[in-house]
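Participant: Coordinates in my_file-v3.txt, compact mmCIF, C-alpha atoms, are listed below.
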# COMPACT_ATOMS: atom_id res chain seq x y z
CA ASP A 1 93.06 72.57 119.09
CA PRO A 2 92.77 75.54 121.47
CA GLU A 3 89.92 77.10 119.47
CA ARG A 4 87.92 73.96 118.57
CA PRO A 5 84.68 74.01 120.55
CA ALA A 6 83.21 71.14 122.47
CA PRO A 7 79.68 70.32 121.29
CA GLU A 8 76.93 72.55 122.64
CA TYR A 9 73.40 71.27 123.07
CA THR A 10 69.88 72.66 122.92
CA ASP A 11 67.84 73.15 126.08
CA ALA A 12 65.85 70.03 125.09
CA ALA A 13 69.01 67.93 125.64
CA LEU A 14 69.73 69.31 129.13
CA THR A 15 70.00 67.04 132.11
CA PRO A 16 66.97 68.04 134.21
CA GLU A 17 67.95 70.36 137.04
CA GLU A 18 66.92 67.77 139.63
CA GLY A 19 69.44 65.40 137.99
CA PHE A 20 72.30 67.92 138.26
CA ARG A 21 74.71 65.54 139.92
CA VAL A 22 77.05 66.45 142.76
CA ASN A 23 80.40 64.74 142.80
CA GLY A 24 83.60 65.28 144.71
CA TYR A 25 86.54 63.52 146.28
CA ASP A 26 85.28 64.38 149.76
CA THR A 27 81.82 64.62 151.30
CA ASP A 28 82.54 67.80 153.23
CA GLU A 29 81.63 71.18 151.75
CA PRO A 30 84.05 73.96 152.60
CA GLU A 31 83.04 76.83 154.84
CA ILE A 32 82.95 79.78 152.45
CA ASP A 33 81.67 83.23 153.37
CA ILE A 34 80.02 83.71 149.98
CA PRO A 35 79.05 87.39 150.43
CA HIS A 36 82.67 88.28 151.26
CA TRP A 37 84.43 85.76 149.00
CA LYS A 38 87.37 86.98 146.91
CA LEU A 39 89.39 85.30 144.17
CA ALA A 40 93.11 85.82 144.74
CA VAL A 41 95.15 86.24 141.54
CA GLU A 42 98.93 85.98 141.67
CA GLY A 43 101.96 85.36 139.52
CA LEU A 44 102.49 86.56 135.97
CA VAL A 45 99.74 89.19 135.82
CA ALA A 46 99.93 92.98 135.66
CA ARG A 47 97.20 93.48 138.29
CA PRO A 48 97.51 90.83 141.02
CA GLY A 49 95.03 91.10 143.83
CA GLU A 50 91.67 89.94 145.08
CA TYR A 51 88.55 90.09 142.93
CA GLY A 52 84.98 89.66 144.10
CA LEU A 53 82.09 88.05 142.30
CA THR A 54 80.82 91.48 141.22
CA ASN A 55 84.15 92.08 139.41
CA ILE A 56 83.82 88.74 137.60
CA ALA A 57 80.10 89.10 136.79
CA ALA A 58 80.69 92.58 135.34
CA LEU A 59 82.65 90.99 132.48
CA PRO A 60 80.92 89.48 129.42
CA LYS A 61 78.73 86.52 130.33
CA ARG A 62 78.54 83.30 128.36
CA ILE A 63 75.77 80.73 128.73
CA MET A 64 76.33 77.26 127.32
CA ASN A 65 74.93 73.76 127.49
CA THR A 66 77.94 71.44 127.41
CA ARG A 67 78.60 67.89 128.51
CA HIS A 68 80.41 67.32 131.82
CA CYS A 69 82.23 63.95 131.64
CA CYS A 70 83.34 62.25 134.82
CA VAL A 71 86.34 59.92 134.84
CA GLU A 72 84.02 57.45 136.65
CA GLY A 73 82.07 56.97 133.41
CA TRP A 74 78.97 59.14 133.83
CA SER A 75 78.09 62.42 132.14
CA MET A 76 75.45 65.14 132.20
CA ILE A 77 74.57 68.26 130.23
CA PRO A 78 73.97 71.24 132.55
CA LYS A 79 73.26 74.84 131.55
CA TRP A 80 76.31 76.80 132.71
CA GLY A 81 76.70 80.56 132.99
CA GLY A 82 79.77 82.62 133.73
CA THR A 83 82.64 84.71 132.46
CA PRO A 84 85.07 83.23 129.95
CA LEU A 85 88.29 82.74 131.90
CA ARG A 86 90.21 84.36 129.04
CA ASP A 87 88.21 87.59 129.53
CA PHE A 88 88.91 87.61 133.24
CA LEU A 89 92.62 86.96 132.71
CA GLU A 90 92.82 89.74 130.13
CA SER A 91 91.17 92.09 132.66
CA VAL A 92 93.95 91.37 135.20
CA GLY A 93 96.69 91.69 132.57
CA VAL A 94 97.81 88.09 132.18
CA ASP A 95 101.28 87.66 130.70
CA LYS A 96 100.50 86.21 127.27
CA THR A 97 103.74 84.21 127.35
CA ALA A 98 102.79 82.39 130.59
CA ARG A 99 102.43 78.64 130.17
CA TYR A 100 100.28 77.42 133.09
CA ILE A 101 97.73 78.28 135.74
CA LYS A 102 97.46 76.61 139.11
CA VAL A 103 94.01 76.68 140.70
CA GLU A 104 93.47 76.34 144.45
CA CYS A 105 90.08 75.72 146.00
CA GLY A 106 88.31 76.35 149.29
CA ASP A 107 88.40 72.65 150.21
CA ASP A 108 92.18 72.25 149.66
CA TYR A 109 91.62 70.72 146.20
CA TYR A 110 93.98 71.98 143.52
CA THR A 111 94.59 71.40 139.83
CA SER A 112 96.38 73.10 136.96
CA TYR A 113 96.04 73.75 133.26
CA ASP A 114 98.08 74.65 130.22
CA MET A 115 97.44 78.18 128.98
CA PRO A 116 95.80 77.19 125.63
CA SER A 117 93.15 75.22 127.59
CA VAL A 118 92.60 78.16 129.97
CA LEU A 119 92.16 80.57 127.05
CA HIS A 120 89.72 78.27 125.22
CA PRO A 121 86.49 80.23 124.52
CA GLN A 122 84.37 77.68 126.44
CA THR A 123 86.47 77.68 129.63
CA LEU A 124 84.39 79.56 132.19
CA LEU A 125 84.72 81.07 135.60
CA CYS A 126 81.25 79.74 136.22
CA TYR A 127 78.92 81.33 138.76
CA GLU A 128 75.54 80.04 137.53
CA ALA A 129 73.83 76.80 136.65
CA TYR A 130 70.37 76.64 135.11
CA GLY A 131 70.11 80.44 135.28
CA LYS A 132 70.60 80.55 139.08
CA PRO A 133 73.64 81.23 141.26
CA LEU A 134 75.66 78.08 141.88
CA SER A 135 74.78 76.26 145.07
CA LEU A 136 77.57 75.57 147.55
CA GLN A 137 77.47 71.86 146.73
CA HIS A 138 78.06 72.69 143.04
CA GLY A 139 81.05 74.93 143.74
CA ALA A 140 79.73 78.36 144.73
CA PRO A 141 80.59 81.04 144.42
CA VAL A 142 82.82 80.21 141.41
CA ARG A 143 84.02 77.04 139.75
CA ILE A 144 85.94 76.30 136.58
CA VAL A 145 83.94 74.72 133.76
CA MET A 146 86.13 73.25 131.06
CA PRO A 147 84.09 71.09 128.62
CA THR A 148 87.22 70.03 126.73
CA LYS A 149 88.51 68.16 129.83
CA LEU A 150 87.42 65.39 132.18
CA GLY A 151 85.43 66.53 135.20
CA TYR A 152 88.25 66.42 137.75
CA LYS A 153 89.69 69.44 135.92
CA SER A 154 86.49 71.43 136.63
CA ALA A 155 87.59 72.74 140.02
CA LYS A 156 84.90 73.84 142.50
CA TRP A 157 85.12 76.55 145.19
CA VAL A 158 87.94 78.34 143.36
CA SER A 159 89.84 80.65 145.69
CA ARG A 160 93.22 81.32 144.06
CA LEU A 161 94.72 81.45 140.56
CA VAL A 162 98.49 81.46 140.12
CA VAL A 163 99.81 82.21 136.62
CA THR A 164 103.24 80.62 136.17
CA ASN A 165 105.77 79.13 133.77
CA GLU A 166 106.47 76.16 136.06
CA LYS A 167 104.20 73.16 135.46
CA PRO A 168 102.13 72.59 138.63
CA GLY A 169 100.50 69.34 139.65
CA GLY A 170 97.05 68.65 141.00
CA TYR A 171 95.21 66.64 143.63
CA TRP A 172 94.37 63.73 141.29
CA GLU A 173 97.26 64.34 138.93
CA ASP A 174 99.75 63.87 141.78
CA GLN A 175 98.13 60.46 142.36
CA GLY A 176 98.71 59.31 138.77
CA TYR A 177 95.71 60.69 136.89
CA ASP A 178 96.40 62.22 133.48
CA TRP A 179 97.58 65.83 133.82
CA PHE A 180 96.09 67.04 130.50
CA ALA A 181 92.81 65.07 130.82
CA GLY A 182 91.51 66.18 127.43
CA LEU A 183 88.42 64.77 125.75
Any chance you could give the structure as structure tokens?

Facilitator:
Amino acid sequence: DPERPAPEYTDAALTPEEGFRVNGYDTDEPEIDIPHWKLAVEGLVARPGEYGLTNIAALPKRIMNTRHCCVEGWSMIPKWGGTPLRDFLESVGVDKTARYIKVECGDDYYTSYDMPSVLHPQTLLCYEAYGKPLSLQHGAPVRIVMPTKLGYKSAKWVSRLVVTNEKPGGYWEDQGYDWFAGL
């Protein structure tokens, strides 16, 4: 259900900030010039281009405590903050008939989503955790947070969004992992 929310938790249920786990398929962090970082937006949008963190942070902000579930069997409940991806996409004039979005990241990771999952009210272009800017190891300057999906769909170091009608793959998906990865 594209509108059904994932459970949200009180601050008392949060994973302590010192337990905010870092996970990734590689141990190397990408070299990102955070002050000059831009998010490239291409494909089926009225206003393609590059958008900085100030453009994203100027949109409505949502703070939520949701569970992040890793395919490896662990989970945590961080406090996320960011712009709903649907609000950002509306600001760039997304084609409402588009079916998919491909996401590319600063470390060559990539994944993709169906449009109903992207437009879910809890899907964030996340730029904060625990009320602070994301650290590089947690995906700064922007990552996708999608509490209705397994963690490998929560792309870190997002650098490019491509709105398309052709179903893209993904780093793990191309190796046999479930493409939808819903919880």

Participant: Determine, counting all atoms listed in the file, every residue of protein, DNA or RNA that lies within 9 Å of (74.5, 66.0, 127.1) in the file coordinates, then give the result as a PyMOL selection string.

Facilitator: chain A and resi 7-9+13-15+65-68+75-78

Participant: Do you know which residues are at most 9 Å from Pro141 in chain A counting all atoms listed in the file, after dropping those on the same chain fewer than 6 positions away, and could you put them as a list in words?

Facilitator: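 Near Pro141 in chain A, the qualifying residues are Ile32, Ile34, Pro35, Trp37, Leu53, Cys126, Tyr127, Glu128, Pro133, Leu134, Ser135, Lys156, Trp157 and Val158 of chain A.
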
Participant: Kindly save the residues from that selection, with C-alpha atoms included, as a compact mmCIF listing (two decimals), keeping the file's coordinate frame.

Facilitator:
# COMPACT_ATOMS: atom_id res chain seq x y z
CA ILE A 32 82.95 79.78 152.45
CA ILE A 34 80.02 83.71 149.98
CA PRO A 35 79.05 87.39 150.43
CA TRP A 37 84.43 85.76 149.00
CA LEU A 53 82.09 88.05 142.30
CA CYS A 126 81.25 79.74 136.22
CA TYR A 127 78.92 81.33 138.76
CA GLU A 128 75.54 80.04 137.53
CA PRO A 133 73.64 81.23 141.26
CA LEU A 134 75.66 78.08 141.88
CA SER A 135 74.78 76.26 145.07
CA LYS A 156 84.90 73.84 142.50
CA TRP A 157 85.12 76.55 145.19
CA VAL A 158 87.94 78.34 143.36

Participant: Go ahead and compute the interatomic distance for CA of Val41 in chain A and CA of Ala6 in chain A, in Å to one decimal.

Facilitator: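 Here the two named atoms are 27.1 Å from each other.
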
Participant: Excluding Arg47 in chain A and residues on its chain fewer than 4 positions from it, collect all residues at most 12 Å away from it, counting only C-alpha atoms, and give them as a VMD selection string.

Facilitator: chain A and resid 40 to 43 51 88 to 95 163

Participant: Go through A:Gly82, A:Gly151, A:Pro16, A:Pro168 one by one, measure the shortest atom-to-atom distance of each to Ala181 in chain A using only C-alpha atoms, and give the residue with the smallest value.

Facilitator: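 Ranking A:Gly82, A:Gly151, A:Pro16, A:Pro168 by distance to Ala181 in chain A, first place goes to A:Gly151.
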
Participant: So how many Å separate CA of Cys105 in chain A and CA of Thr83 in chain A, to one decimal?

Facilitator: 17.9 Å

Participant: Please provide as a compact mmCIF listing (two decimals) with C-alpha atoms, in the frame of the given file all residues within 8 Å of Gly52 in chain A, with the sequence filter that same-chain residues fewer than 5 positions apart are discarded (counting all atoms listed in the file).

Facilitator:
# COMPACT_ATOMS: atom_id res chain seq x y z
CA HIS A 36 82.67 88.28 151.26
CA TRP A 37 84.43 85.76 149.00
CA LYS A 38 87.37 86.98 146.91
CA LEU A 39 89.39 85.30 144.17

Participant: Start from the incomplete input, build all heavy atoms for range 109-120 of chain A, and deliver everything as a PDB file, keeping the file's coordinate frame.

Facilitator:
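New file out.pdb:
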ATOM      1  N   TYR A 109      91.413  71.330 147.511  1.00  0.00           N
ATOM      2  CA  TYR A 109      91.620  70.720 146.200  1.00  0.00           C
ATOM      3  C   TYR A 109      92.454  71.670 145.366  1.00  0.00           C
ATOM      4  O   TYR A 109      92.424  72.890 145.569  1.00  0.00           O
ATOM      5  CB  TYR A 109      90.256  70.485 145.516  1.00  0.00           C
ATOM      6  CG  TYR A 109      90.327  69.695 144.237  1.00  0.00           C
ATOM      7  CD1 TYR A 109      90.423  68.312 144.262  1.00  0.00           C
ATOM      8  CD2 TYR A 109      90.285  70.332 142.996  1.00  0.00           C
ATOM      9  CE1 TYR A 109      90.482  67.578 143.090  1.00  0.00           C
ATOM     10  CE2 TYR A 109      90.336  69.595 141.820  1.00  0.00           C
ATOM     11  CZ  TYR A 109      90.435  68.224 141.875  1.00  0.00           C
ATOM     12  OH  TYR A 109      90.487  67.501 140.711  1.00  0.00           O
ATOM     13  N   TYR A 110      93.206  71.141 144.432  1.00  0.00           N
ATOM     14  CA  TYR A 110      93.980  71.980 143.520  1.00  0.00           C
ATOM     15  C   TYR A 110      94.172  71.216 142.218  1.00  0.00           C
ATOM     16  O   TYR A 110      94.131  69.989 142.168  1.00  0.00           O
ATOM     17  CB  TYR A 110      95.327  72.379 144.133  1.00  0.00           C
ATOM     18  CG  TYR A 110      96.231  71.196 144.461  1.00  0.00           C
ATOM     19  CD1 TYR A 110      97.298  70.858 143.633  1.00  0.00           C
ATOM     20  CD2 TYR A 110      96.009  70.421 145.596  1.00  0.00           C
ATOM     21  CE1 TYR A 110      98.114  69.773 143.921  1.00  0.00           C
ATOM     22  CE2 TYR A 110      96.817  69.350 145.889  1.00  0.00           C
ATOM     23  CZ  TYR A 110      97.870  69.016 145.054  1.00  0.00           C
ATOM     24  OH  TYR A 110      98.664  67.942 145.338  1.00  0.00           O
ATOM     25  N   THR A 111      94.315  71.964 141.149  1.00  0.00           N
ATOM     26  CA  THR A 111      94.590  71.400 139.830  1.00  0.00           C
ATOM     27  C   THR A 111      95.320  72.464 139.036  1.00  0.00           C
ATOM     28  O   THR A 111      95.571  73.566 139.519  1.00  0.00           O
ATOM     29  CB  THR A 111      93.305  70.903 139.141  1.00  0.00           C
ATOM     30  OG1 THR A 111      93.649  70.140 137.969  1.00  0.00           O
ATOM     31  CG2 THR A 111      92.369  72.042 138.756  1.00  0.00           C
ATOM     32  N   SER A 112      95.676  72.127 137.807  1.00  0.00           N
ATOM     33  CA  SER A 112      96.380  73.100 136.960  1.00  0.00           C
ATOM     34  C   SER A 112      96.084  72.816 135.508  1.00  0.00           C
ATOM     35  O   SER A 112      95.631  71.726 135.148  1.00  0.00           O
ATOM     36  CB  SER A 112      97.886  73.039 137.247  1.00  0.00           C
ATOM     37  OG  SER A 112      98.395  71.739 137.042  1.00  0.00           O
ATOM     38  N   TYR A 113      96.364  73.820 134.685  1.00  0.00           N
ATOM     39  CA  TYR A 113      96.040  73.750 133.260  1.00  0.00           C
ATOM     40  C   TYR A 113      97.146  74.392 132.441  1.00  0.00           C
ATOM     41  O   TYR A 113      97.838  75.302 132.901  1.00  0.00           O
ATOM     42  CB  TYR A 113      94.761  74.555 132.959  1.00  0.00           C
ATOM     43  CG  TYR A 113      93.619  74.305 133.898  1.00  0.00           C
ATOM     44  CD1 TYR A 113      93.288  75.224 134.887  1.00  0.00           C
ATOM     45  CD2 TYR A 113      92.848  73.161 133.793  1.00  0.00           C
ATOM     46  CE1 TYR A 113      92.227  75.011 135.746  1.00  0.00           C
ATOM     47  CE2 TYR A 113      91.776  72.937 134.652  1.00  0.00           C
ATOM     48  CZ  TYR A 113      91.475  73.859 135.622  1.00  0.00           C
ATOM     49  OH  TYR A 113      90.423  73.644 136.466  1.00  0.00           O
ATOM     50  N   ASP A 114      97.229  73.964 131.186  1.00  0.00           N
ATOM     51  CA  ASP A 114      98.080  74.650 130.220  1.00  0.00           C
ATOM     52  C   ASP A 114      97.324  75.895 129.746  1.00  0.00           C
ATOM     53  O   ASP A 114      96.090  75.938 129.766  1.00  0.00           O
ATOM     54  CB  ASP A 114      98.396  73.731 129.037  1.00  0.00           C
ATOM     55  CG  ASP A 114      97.144  73.337 128.271  1.00  0.00           C
ATOM     56  OD1 ASP A 114      96.293  72.599 128.834  1.00  0.00           O
ATOM     57  OD2 ASP A 114      96.976  73.800 127.130  1.00  0.00           O
ATOM     58  N   MET A 115      98.073  76.915 129.347  1.00  0.00           N
ATOM     59  CA  MET A 115      97.440  78.180 128.980  1.00  0.00           C
ATOM     60  C   MET A 115      96.488  78.069 127.775  1.00  0.00           C
ATOM     61  O   MET A 115      95.414  78.679 127.800  1.00  0.00           O
ATOM     62  CB  MET A 115      98.498  79.261 128.738  1.00  0.00           C
ATOM     63  CG  MET A 115      97.909  80.660 128.692  1.00  0.00           C
ATOM     64  SD  MET A 115      97.023  81.148 130.198  1.00  0.00           S
ATOM     65  CE  MET A 115      98.368  81.430 131.303  1.00  0.00           C
ATOM     66  N   PRO A 116      96.797  77.290 126.711  1.00  0.00           N
ATOM     67  CA  PRO A 116      95.800  77.190 125.630  1.00  0.00           C
ATOM     68  C   PRO A 116      94.443  76.655 126.109  1.00  0.00           C
ATOM     69  O   PRO A 116      93.406  77.119 125.644  1.00  0.00           O
ATOM     70  CB  PRO A 116      96.461  76.239 124.628  1.00  0.00           C
ATOM     71  CG  PRO A 116      97.932  76.452 124.833  1.00  0.00           C
ATOM     72  CD  PRO A 116      98.065  76.648 126.331  1.00  0.00           C
ATOM     73  N   SER A 117      94.428  75.724 127.061  1.00  0.00           N
ATOM     74  CA  SER A 117      93.150  75.220 127.590  1.00  0.00           C
ATOM     75  C   SER A 117      92.431  76.295 128.398  1.00  0.00           C
ATOM     76  O   SER A 117      91.209  76.418 128.332  1.00  0.00           O
ATOM     77  CB  SER A 117      93.391  73.995 128.466  1.00  0.00           C
ATOM     78  OG  SER A 117      93.894  72.922 127.700  1.00  0.00           O
ATOM     79  N   VAL A 118      93.184  77.076 129.159  1.00  0.00           N
ATOM     80  CA  VAL A 118      92.600  78.160 129.970  1.00  0.00           C
ATOM     81  C   VAL A 118      91.977  79.224 129.067  1.00  0.00           C
ATOM     82  O   VAL A 118      90.918  79.766 129.374  1.00  0.00           O
ATOM     83  CB  VAL A 118      93.698  78.776 130.862  1.00  0.00           C
ATOM     84  CG1 VAL A 118      93.239  80.071 131.495  1.00  0.00           C
ATOM     85  CG2 VAL A 118      94.119  77.785 131.924  1.00  0.00           C
ATOM     86  N   LEU A 119      92.632  79.511 127.949  1.00  0.00           N
ATOM     87  CA  LEU A 119      92.160  80.570 127.050  1.00  0.00           C
ATOM     88  C   LEU A 119      91.113  80.092 126.053  1.00  0.00           C
ATOM     89  O   LEU A 119      90.612  80.875 125.247  1.00  0.00           O
ATOM     90  CB  LEU A 119      93.355  81.187 126.319  1.00  0.00           C
ATOM     91  CG  LEU A 119      94.404  81.847 127.228  1.00  0.00           C
ATOM     92  CD1 LEU A 119      95.562  82.376 126.391  1.00  0.00           C
ATOM     93  CD2 LEU A 119      93.797  82.928 128.093  1.00  0.00           C
ATOM     94  N   HIS A 120      90.746  78.818 126.106  1.00  0.00           N
ATOM     95  CA  HIS A 120      89.720  78.270 125.220  1.00  0.00           C
ATOM     96  C   HIS A 120      88.419  79.054 125.432  1.00  0.00           C
ATOM     97  O   HIS A 120      88.063  79.379 126.577  1.00  0.00           O
ATOM     98  CB  HIS A 120      89.514  76.787 125.518  1.00  0.00           C
ATOM     99  CG  HIS A 120      88.639  76.094 124.547  1.00  0.00           C
ATOM    100  ND1 HIS A 120      87.268  76.166 124.610  1.00  0.00           N
ATOM    101  CD2 HIS A 120      88.937  75.327 123.477  1.00  0.00           C
ATOM    102  CE1 HIS A 120      86.747  75.458 123.625  1.00  0.00           C
ATOM    103  NE2 HIS A 120      87.737  74.942 122.920  1.00  0.00           N
TER     104      HIS A 120
END
